[in-house]
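Okay, upload15.txt now, which holds compact mmCIF, C-alpha atoms:
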```
# COMPACT_ATOMS: atom_id res chain seq x y z
CA MET F 1 -52.54 1.04 17.28
CA ILE F 2 -50.81 1.15 13.88
CA SER F 3 -50.07 4.86 14.18
CA ARG F 4 -48.61 4.28 17.65
CA TRP F 5 -46.36 1.58 16.25
CA PHE F 6 -45.34 3.95 13.45
CA HIS F 7 -44.43 6.60 16.00
CA GLN F 8 -42.42 4.09 18.00
CA LEU F 9 -40.59 3.04 14.86
CA GLY F 10 -39.62 6.67 14.39
CA SER F 11 -37.75 6.55 17.67
CA PRO F 12 -34.11 5.66 16.94
CA ARG F 13 -33.78 3.40 19.95
CA TYR F 14 -36.86 1.37 19.10
CA PHE F 15 -35.92 1.18 15.42
CA TYR F 16 -32.43 -0.03 16.31
CA ARG F 17 -33.79 -2.89 18.43
CA PHE F 18 -36.61 -3.77 16.03
CA SER F 19 -34.39 -3.81 12.93
CA GLY F 20 -31.78 -5.90 14.74
CA ARG F 21 -34.39 -8.58 15.32
CA LEU F 22 -35.82 -8.25 11.79
CA ILE F 23 -32.54 -8.69 9.88
CA PRO F 24 -32.15 -12.50 10.33
CA TRP F 25 -35.76 -13.03 9.22
CA LEU F 26 -34.95 -11.26 5.96
CA ALA F 27 -31.42 -12.60 5.49
CA VAL F 28 -32.34 -16.31 5.63
CA PRO F 29 -35.06 -16.22 2.92
CA CYS F 30 -32.77 -13.95 0.89
CA ALA F 31 -29.98 -16.55 0.96
CA VAL F 32 -32.38 -19.41 0.18
CA LEU F 33 -33.96 -17.59 -2.78
CA MET F 34 -30.58 -16.50 -4.11
CA LEU F 35 -29.18 -20.04 -4.02
CA ALA F 36 -32.35 -21.37 -5.67
CA GLY F 37 -32.14 -18.64 -8.30
CA LEU F 38 -28.47 -19.37 -9.00
CA TYR F 39 -29.16 -23.10 -9.33
CA GLN F 40 -32.15 -22.54 -11.61
CA GLY F 41 -30.33 -19.91 -13.64
CA LEU F 42 -26.94 -21.56 -14.06
CA VAL F 43 -27.93 -25.24 -14.17
CA VAL F 44 -31.63 -25.75 -14.98
CA ALA F 45 -32.34 -22.98 -17.50
CA PRO F 46 -31.59 -23.98 -21.12
CA PRO F 47 -29.11 -22.04 -23.27
CA ASP F 48 -30.55 -19.19 -25.33
CA TYR F 49 -31.19 -19.98 -29.00
CA GLN F 50 -29.30 -16.85 -30.11
CA GLN F 51 -26.85 -16.05 -27.33
CA GLY F 52 -25.94 -19.55 -26.13
CA GLU F 53 -24.71 -19.67 -22.55
CA SER F 54 -23.66 -16.01 -22.42
CA TYR F 55 -27.21 -14.85 -21.65
CA ARG F 56 -26.84 -16.28 -18.12
CA ILE F 57 -25.26 -12.92 -17.22
CA MET F 58 -28.88 -11.73 -17.34
CA PHE F 59 -29.63 -13.29 -13.95
CA VAL F 60 -27.36 -10.76 -12.23
CA HIS F 61 -27.58 -7.96 -14.77
CA VAL F 62 -31.36 -7.50 -14.96
CA PRO F 63 -32.14 -7.74 -11.21
CA SER F 64 -29.26 -5.31 -10.54
CA ALA F 65 -30.67 -2.84 -13.07
CA TRP F 66 -34.17 -3.17 -11.58
CA MET F 67 -32.73 -2.57 -8.11
CA SER F 68 -30.82 0.50 -9.30
CA LEU F 69 -34.16 2.10 -10.27
CA PHE F 70 -36.16 0.75 -7.32
CA ILE F 71 -33.63 1.95 -4.75
CA TYR F 72 -33.51 5.37 -6.36
CA MET F 73 -37.28 5.68 -5.93
CA VAL F 74 -36.99 4.57 -2.29
CA MET F 75 -34.20 7.10 -1.71
CA ALA F 76 -36.14 9.97 -3.32
CA GLY F 77 -39.33 8.93 -1.47
CA ALA F 78 -37.51 8.81 1.86
CA GLY F 79 -35.91 12.15 0.98
CA ALA F 80 -39.35 13.66 0.36
CA ILE F 81 -40.65 12.31 3.70
CA ALA F 82 -37.56 13.76 5.42
CA LEU F 83 -38.17 17.15 3.79
CA ILE F 84 -41.87 17.31 4.61
CA TRP F 85 -42.09 15.73 8.07
CA HIS F 86 -38.46 16.14 9.25
CA MET F 87 -38.41 12.46 10.14
CA LYS F 88 -34.89 11.45 11.18
CA LEU F 89 -35.42 7.84 10.25
CA ALA F 90 -36.30 8.81 6.66
CA GLU F 91 -33.07 10.83 6.42
CA VAL F 92 -31.11 7.80 7.55
CA ILE F 93 -32.86 5.44 5.10
CA ALA F 94 -32.26 7.89 2.24
CA ILE F 95 -28.50 8.20 2.70
CA SER F 96 -28.09 4.48 3.47
CA SER F 97 -29.94 3.67 0.23
CA ALA F 98 -27.61 5.89 -1.79
CA HIS F 99 -24.60 3.65 -1.15
CA ILE F 100 -26.45 0.45 -1.98
CA GLY F 101 -28.12 1.98 -5.03
CA ALA F 102 -24.73 3.07 -6.33
CA SER F 103 -23.47 -0.51 -5.88
CA PHE F 104 -26.35 -1.96 -7.90
CA THR F 105 -26.00 0.67 -10.62
CA PHE F 106 -22.30 -0.13 -10.85
CA LEU F 107 -23.16 -3.86 -11.07
CA ALA F 108 -25.77 -3.27 -13.79
CA LEU F 109 -23.27 -1.24 -15.83
CA ILE F 110 -20.30 -3.57 -15.40
CA THR F 111 -22.22 -6.82 -16.04
CA GLY F 112 -23.92 -5.15 -19.00
CA SER F 113 -20.53 -4.18 -20.34
CA ILE F 114 -19.20 -7.72 -19.89
CA TRP F 115 -22.31 -9.05 -21.63
CA GLY F 116 -22.02 -6.48 -24.41
CA LYS F 117 -18.48 -7.46 -25.38
CA PRO F 118 -19.29 -10.97 -26.73
CA MET F 119 -22.80 -10.06 -28.00
CA TRP F 120 -22.39 -6.58 -29.48
CA GLY F 121 -18.63 -6.70 -30.03
CA THR F 122 -17.99 -3.70 -27.77
CA TRP F 123 -17.70 -3.00 -24.05
CA TRP F 124 -19.51 0.31 -24.30
CA VAL F 125 -21.66 2.39 -26.64
CA TRP F 126 -23.11 5.82 -25.96
CA ASP F 127 -26.66 4.71 -26.56
CA ALA F 128 -29.64 6.02 -24.60
CA ARG F 129 -30.04 3.12 -22.15
CA LEU F 130 -26.37 2.90 -21.22
CA THR F 131 -25.86 6.65 -21.00
CA SER F 132 -28.95 7.27 -18.84
CA GLU F 133 -27.92 4.44 -16.50
CA LEU F 134 -24.44 5.99 -16.24
CA ILE F 135 -26.10 9.31 -15.31
CA LEU F 136 -27.97 7.39 -12.59
CA LEU F 137 -24.62 6.27 -11.17
CA PHE F 138 -23.42 9.90 -11.17
CA LEU F 139 -26.63 10.96 -9.40
CA TYR F 140 -26.02 8.40 -6.65
CA LEU F 141 -22.38 9.47 -6.34
CA GLY F 142 -23.49 13.11 -6.29
CA VAL F 143 -25.89 12.40 -3.44
CA ILE F 144 -23.14 10.65 -1.46
CA ALA F 145 -20.57 13.38 -2.15
CA LEU F 146 -23.00 16.15 -1.23
CA HIS F 147 -23.90 14.38 2.00
CA ASN F 148 -20.22 13.98 2.89
CA ALA F 149 -19.50 17.63 2.10
CA ILE F 150 -21.95 19.01 4.69
CA ASP F 151 -21.04 18.54 8.33
CA ASP F 152 -24.44 19.07 9.86
CA LYS F 153 -26.39 15.85 9.26
CA ARG F 154 -29.81 17.50 9.15
CA THR F 155 -28.72 20.10 6.60
CA ALA F 156 -26.96 17.39 4.60
CA ALA F 157 -30.14 15.30 4.58
CA ARG F 158 -32.23 18.20 3.28
CA ALA F 159 -29.76 19.12 0.54
CA THR F 160 -29.38 15.52 -0.66
CA ALA F 161 -33.15 14.99 -0.59
CA ILE F 162 -33.62 17.87 -3.02
CA LEU F 163 -30.90 16.54 -5.33
CA ALA F 164 -32.43 13.05 -5.18
CA ILE F 165 -35.94 14.33 -5.96
CA VAL F 166 -34.74 16.39 -8.93
CA GLY F 167 -32.90 13.31 -10.22
CA VAL F 168 -36.15 11.30 -10.36
CA VAL F 169 -36.66 12.79 -13.84
CA ASN F 170 -33.97 10.36 -15.02
CA ILE F 171 -35.93 7.25 -13.95
CA PRO F 172 -38.62 7.25 -16.70
CA ILE F 173 -35.89 8.22 -19.17
CA ILE F 174 -33.98 5.05 -18.30
CA HIS F 175 -37.10 2.90 -18.39
CA TYR F 176 -38.41 4.16 -21.73
CA SER F 177 -35.01 4.81 -23.34
CA VAL F 178 -35.21 1.56 -25.31
CA GLU F 179 -38.56 2.63 -26.78
CA TRP F 180 -37.97 6.36 -27.31
CA TRP F 181 -34.63 5.98 -29.05
CA ASN F 182 -33.05 3.42 -31.32
CA THR F 183 -30.73 1.66 -28.96
CA LEU F 184 -28.39 -1.27 -29.18
CA HIS F 185 -29.87 -2.40 -25.89
CA GLN F 186 -32.78 -4.80 -26.34
CA GLY F 187 -36.33 -3.88 -25.38
CA PRO F 188 -38.12 -5.17 -22.30
CA THR F 189 -39.17 -8.83 -22.27
CA VAL F 190 -40.66 -9.02 -18.76
CA THR F 191 -41.89 -5.57 -17.69
CA LYS F 192 -44.38 -4.97 -20.46
CA PHE F 193 -48.13 -5.18 -20.58
CA ASP F 194 -48.66 -8.38 -22.60
CA ALA F 195 -47.30 -11.74 -21.49
CA PRO F 196 -43.53 -11.86 -21.01
CA SER F 197 -41.77 -13.14 -24.13
CA ILE F 198 -39.34 -15.31 -22.24
CA ASP F 199 -39.19 -19.04 -21.57
CA MET F 200 -40.61 -20.04 -18.18
CA ARG F 201 -37.39 -21.84 -17.25
CA MET F 202 -35.57 -18.52 -17.71
CA LEU F 203 -38.27 -16.38 -16.15
CA ILE F 204 -38.37 -18.34 -12.87
CA PRO F 205 -34.67 -17.88 -11.96
CA LEU F 206 -34.89 -14.24 -13.04
CA LEU F 207 -37.79 -13.60 -10.68
CA LEU F 208 -36.16 -15.61 -7.88
CA MET F 209 -33.04 -13.45 -8.19
CA ALA F 210 -35.14 -10.28 -8.35
CA VAL F 211 -36.94 -11.13 -5.08
CA ALA F 212 -33.65 -12.21 -3.47
CA PHE F 213 -32.07 -8.87 -4.44
CA LYS F 214 -35.02 -6.99 -2.93
CA LEU F 215 -34.58 -8.87 0.36
CA TYR F 216 -30.84 -8.31 0.17
CA TYR F 217 -31.44 -4.57 -0.17
CA ALA F 218 -33.77 -4.66 2.85
CA VAL F 219 -31.07 -6.40 4.91
CA VAL F 220 -28.17 -4.14 3.98
CA VAL F 221 -30.16 -0.90 4.14
CA LEU F 222 -31.17 -1.78 7.70
CA MET F 223 -27.57 -2.64 8.58
CA ARG F 224 -26.36 0.70 7.22
CA ALA F 225 -29.23 2.61 8.81
CA ARG F 226 -28.35 1.11 12.21
CA CYS F 227 -24.74 2.36 11.88
CA GLU F 228 -25.92 5.79 10.78
CA LEU F 229 -28.32 5.97 13.75
CA LEU F 230 -25.61 4.98 16.24
CA GLU F 231 -23.38 7.72 14.88
CA ARG F 232 -26.10 10.37 15.05
CA GLU F 233 -27.19 9.30 18.53
CA ARG F 234 -23.71 8.73 19.92
CA ASN F 235 -24.23 11.28 22.71
CA THR F 236 -27.41 9.68 24.03
CA LEU F 237 -27.60 7.42 27.04
CA TRP F 238 -29.01 4.36 25.26
CA VAL F 239 -26.16 4.32 22.73
CA SER F 240 -23.40 4.58 25.34
CA GLU F 241 -25.10 1.89 27.43
CA LEU F 242 -25.35 -0.32 24.37
CA ALA F 243 -21.70 0.30 23.49
CA GLU F 244 -20.49 -0.52 26.97
CA SER F 245 -22.55 -3.69 27.25
CA LYS F 246 -20.66 -5.14 24.25
CA MET U 247 -19.15 -30.63 -14.86
CA ASN U 248 -16.35 -29.34 -17.09
CA GLU U 249 -18.96 -28.30 -19.60
CA PHE U 250 -20.70 -26.31 -16.87
CA PHE U 251 -17.60 -24.25 -16.11
CA HIS U 252 -16.87 -23.86 -19.81
CA MET U 253 -20.22 -22.04 -20.39
CA GLY U 254 -20.14 -22.77 -24.12
CA GLY U 255 -16.99 -20.70 -24.57
CA TYR U 256 -18.34 -17.73 -22.61
CA ALA U 257 -16.75 -18.80 -19.32
CA PHE U 258 -14.72 -15.59 -18.92
CA TYR U 259 -17.73 -13.32 -19.43
CA VAL U 260 -20.23 -15.29 -17.37
CA TRP U 261 -17.97 -16.10 -14.43
CA SER U 262 -16.37 -12.66 -14.21
CA SER U 263 -19.88 -11.13 -14.04
CA TYR U 264 -20.88 -13.44 -11.22
CA ALA U 265 -17.56 -12.93 -9.40
CA ILE U 266 -17.87 -9.13 -9.50
CA ALA U 267 -21.48 -9.36 -8.31
CA LEU U 268 -20.42 -11.62 -5.43
CA VAL U 269 -17.65 -9.22 -4.36
CA VAL U 270 -19.95 -6.17 -4.45
CA LEU U 271 -22.75 -7.95 -2.55
CA LEU U 272 -20.32 -9.24 0.09
CA LEU U 273 -18.72 -5.81 0.56
CA ASN U 274 -22.12 -4.25 1.19
CA VAL U 275 -22.63 -6.69 4.07
CA LEU U 276 -19.10 -6.61 5.51
CA VAL U 277 -18.55 -2.83 5.48
CA PRO U 278 -21.54 -1.96 7.75
CA MET U 279 -20.65 -4.88 10.06
CA ARG U 280 -17.11 -3.51 10.49
CA ASN U 281 -18.39 0.08 10.85
CA ARG U 282 -20.82 -0.91 13.59
CA ARG U 283 -18.14 -2.77 15.54
CA ARG U 284 -15.70 0.15 15.29
CA LEU U 285 -18.35 2.71 16.15
CA LEU U 286 -19.52 0.86 19.26
CA ALA U 287 -15.92 0.37 20.42
CA ALA U 288 -15.17 4.09 19.97
CA ILE U 289 -18.32 5.14 21.83
CA ALA U 290 -17.56 2.76 24.70
CA ARG U 291 -13.99 4.06 24.98
CA ARG U 292 -15.19 7.64 25.09
CA ALA U 293 -17.83 6.86 27.70
CA ARG U 294 -15.26 5.18 29.96
CA ARG U 295 -12.86 8.09 29.58
CA ALA U 296 -15.61 10.59 30.37
CA ARG U 297 -16.44 8.76 33.59
CA ARG U 298 -12.83 8.83 34.82
CA THR U 299 -12.47 12.60 34.53
```

Using the file provided, produce a representation of the structure as structure tokens.
Amino acid sequence: MISRWFHQLGSPRYFYRFSGRLIPWLAVPCAVLMLAGLYQGLVVAPPDYQQGESYRIMFVHVPSAWMSLFIYMVMAGAGAIALIWHMKLAEVIAISSAHIGASFTFLALITGSIWGKPMWGTWWVWDARLTSELILLFLYLGVIALHNAIDDKRTAARATAILAIVGVVNIPIIHYSVEWWNTLHQGPTVTKFDAPSIDMRMLIPLLLMAVAFKLYYAVVVLMRARCELLERERNTLWVSELAESK
Amino acid sequence: MNEFFHMGGYAFYVWSSYAIALVVLLLNVLVPMRNRRRLLAAIARRARRARRT
């Protein structure tokens, strides 16, 4: 039963219909959680005892940085599935993720930079956390550029999957950079083994935003994947019927 | 209310971060919507042309 459903989902036509129905069910909770997170983060949460109001940048910066790593793992995982089982859908998810992952990496870097200016006195330092995150952005851009450079979509998917999998080595480097090296960037306050050293009123909006960003990624990756599928399947009957019924 | 927008003197940093985030998040929704519309229109045009010949 489940394996049959999985096979059906692998069919582009079924996936297109299924994801079209799924998107609103993800988008509405995403919007609700994001609004709640913004309200909690900008209005309810108290100012930080050291950083005053400036720390509120955290509520976009930290979830963006988490997403930049999470999406990379999804992209590399989908790339591996595409390599091993030649599953078209995994190829489509991988390349669609690359664009969104690059967006979140850009957001993490730019909001971090804007946060760094008033707190550290500089927009940028070449410390381990910032540099490894910048390399992550280049990896995403490399995946996108490589995919665009190869005309045949299946070959492009295989080449980018290999690049993405090799780049996974950067992920633990980013995560542990603040522990392995002396960095200006602060250490983790949430993702560590003992209790998070952060006030509950700050933790709640942070987690709300993190879940909202995850749902947001699910929505936009499906939207992109649907476009990519239409383009790949443009010569099939179901796509031309769909196009003409619009 | 004024105090809220002032952000304890960090208004520029806080609000520019949120504004950039909003723009990037919106673009990621709008671009695939536009792409899908254009793609479907192009496929429909081609299908109609193919039927005429």

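The two atoms in question, atom CA of Arg226 of chain F and atom CA of Arg282 of chain U, are spaced 7.9 Å apart.
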
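Candidate residues F:Trp115, F:Trp126, F:Tyr72, F:Phe18 were compared for distance to chain U, and the nearest is F:Trp115, using all atoms listed in the file.
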
Need to verify the contact set: Arg234 of chain F, 10 Å, all atoms listed in the file, exclusion of same-chain residues closer than 4 positions in sequence. Can you return it as a list in words?
Glu228, Leu229, Leu230, Trp238, Val239, Ser240 and Ala243 of chain F; Leu285, Leu286, Ala288, Ile289, Ala290 and Ala293 of chain U

Selection export as a PDB file, keeping the file's coordinate frame, atoms kept: C-alpha atoms:
```pdb
ATOM      1  CA  GLU F 228     -25.920   5.790  10.780  1.00  0.00           C
ATOM      2  CA  LEU F 229     -28.320   5.970  13.750  1.00  0.00           C
ATOM      3  CA  LEU F 230     -25.610   4.980  16.240  1.00  0.00           C
ATOM      4  CA  TRP F 238     -29.010   4.360  25.260  1.00  0.00           C
ATOM      5  CA  VAL F 239     -26.160   4.320  22.730  1.00  0.00           C
ATOM      6  CA  SER F 240     -23.400   4.580  25.340  1.00  0.00           C
ATOM      7  CA  ALA F 243     -21.700   0.300  23.490  1.00  0.00           C
TER       8      ALA F 243
ATOM      9  CA  LEU U 285     -18.350   2.710  16.150  1.00  0.00           C
ATOM     10  CA  LEU U 286     -19.520   0.860  19.260  1.00  0.00           C
ATOM     11  CA  ALA U 288     -15.170   4.090  19.970  1.00  0.00           C
ATOM     12  CA  ILE U 289     -18.320   5.140  21.830  1.00  0.00           C
ATOM     13  CA  ALA U 290     -17.560   2.760  24.700  1.00  0.00           C
ATOM     14  CA  ALA U 293     -17.830   6.860  27.700  1.00  0.00           C
TER      15      ALA U 293
END
```

Rounded to one decimal in Å, what is the spacing between atom CA of Leu83 of chain F and atom CA of Gly10 of chain F?
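Separating atom CA of Leu83 of chain F from atom CA of Gly10 of chain F is a distance of 15.0 Å.
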
Do me a favour and pick out the residues of chain F within 8 Å of chain U, using only C-alpha atoms, as a short mmCIF file (atom, residue, chain, number, x, y, z; two decimals) with C-alpha atoms, in the frame of the given file.
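Listing of part_34.cif after writing:
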```
data_model
loop_
_atom_site.label_atom_id
_atom_site.label_comp_id
_atom_site.auth_asym_id
_atom_site.auth_seq_id
_atom_site.Cartn_x
_atom_site.Cartn_y
_atom_site.Cartn_z
CA VAL F 43 -27.93 -25.24 -14.17
CA GLY F 52 -25.94 -19.55 -26.13
CA GLU F 53 -24.71 -19.67 -22.55
CA SER F 54 -23.66 -16.01 -22.42
CA ARG F 56 -26.84 -16.28 -18.12
CA ILE F 57 -25.26 -12.92 -17.22
CA VAL F 60 -27.36 -10.76 -12.23
CA ILE F 100 -26.45 0.45 -1.98
CA SER F 103 -23.47 -0.51 -5.88
CA LEU F 107 -23.16 -3.86 -11.07
CA ILE F 110 -20.30 -3.57 -15.40
CA THR F 111 -22.22 -6.82 -16.04
CA ILE F 114 -19.20 -7.72 -19.89
CA TRP F 115 -22.31 -9.05 -21.63
CA PRO F 118 -19.29 -10.97 -26.73
CA VAL F 220 -28.17 -4.14 3.98
CA MET F 223 -27.57 -2.64 8.58
CA ARG F 224 -26.36 0.70 7.22
CA ARG F 226 -28.35 1.11 12.21
CA CYS F 227 -24.74 2.36 11.88
CA LEU F 230 -25.61 4.98 16.24
CA GLU F 231 -23.38 7.72 14.88
CA ARG F 234 -23.71 8.73 19.92
CA VAL F 239 -26.16 4.32 22.73
CA SER F 240 -23.40 4.58 25.34
CA LEU F 242 -25.35 -0.32 24.37
CA ALA F 243 -21.70 0.30 23.49
CA GLU F 244 -20.49 -0.52 26.97
CA LYS F 246 -20.66 -5.14 24.25
#
```

Build an axis-aligned box that encloses every atom of segment 251-268 of chain U listed in the file, pad it by 4 Å on each side, and report its centre and edge lengths in Å to one decimal, as JSON.
```
{"center_x": -18.1, "center_y": -16.7, "center_z": -15.0, "size_x": 14.8, "size_y": 23.1, "size_z": 27.1}
```

List the spatial neighbours of Leu136 of chain F as a short mmCIF file (atom, residue, chain, number, x, y, z; two decimals) with C-alpha atoms, in the frame of the given file - criterion: any atom at most 9 Å away, all atoms listed in the file, same-chain residues fewer than 4 positions off excluded.
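Everything below was put into out_30.cif:
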```cif
data_model
loop_
_atom_site.label_atom_id
_atom_site.label_comp_id
_atom_site.auth_asym_id
_atom_site.auth_seq_id
_atom_site.Cartn_x
_atom_site.Cartn_y
_atom_site.Cartn_z
CA SER F 68 -30.82 0.50 -9.30
CA LEU F 69 -34.16 2.10 -10.27
CA TYR F 72 -33.51 5.37 -6.36
CA ALA F 102 -24.73 3.07 -6.33
CA THR F 105 -26.00 0.67 -10.62
CA THR F 131 -25.86 6.65 -21.00
CA SER F 132 -28.95 7.27 -18.84
CA TYR F 140 -26.02 8.40 -6.65
CA LEU F 141 -22.38 9.47 -6.34
CA GLY F 167 -32.90 13.31 -10.22
CA ASN F 170 -33.97 10.36 -15.02
CA ILE F 171 -35.93 7.25 -13.95
CA ILE F 174 -33.98 5.05 -18.30
#
```

I'd like the interatomic distance between atom CA of Gly187 of chain F and atom CA of Gly37 of chain F, to a tenth of an Å.
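Those two atoms sit 23.0 Å apart.
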
Give me the residues within 12 Å of Arg21 of chain F as number ranges by chain, counting all atoms listed in the file and dropping any in the same chain fewer than 5 places off.
F: 14-16, 26-27, 219, 222-223, 226

Got a sec: who's within 9 Å of Arg129 of chain F, counting only C-alpha atoms, leaving out chain neighbours fewer than 2 positions off, as a list in words?
Trp126, Asp127, Thr131, Ser132, Glu133, Leu134, Ile173, Ile174, His175, Tyr176, Ser177, Val178, Trp181, Thr183, Leu184 and His185 of chain F

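Using only C-alpha atoms, the nearest neighbour of Leu139 of chain F within the list F:Tyr39, F:Phe106, F:Tyr55, F:Trp120 is F:Phe106.
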
Quick one: residues within 8 Å of Leu146 of chain F, only C-alpha atoms counted, chain neighbours fewer than 2 positions away excluded, as an MDAnalysis selection string?
chainID F and resid 142:144 148:150 156 159:160

Top pick for closest residue to Trp66 of chain F, considering F:Pro205, F:Gly20, F:Gly101, F:Gly116 and counting only C-alpha atoms
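The closest residue to Trp66 of chain F is F:Gly101.
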
Around the point (-29.1, 5.9, 6.8), in the coordinates given by the file, pick out the residues reaching within 6 Å, counting all atoms listed in the file, and return them as a ChimeraX atom specification.
/F:92-96,224-225,228
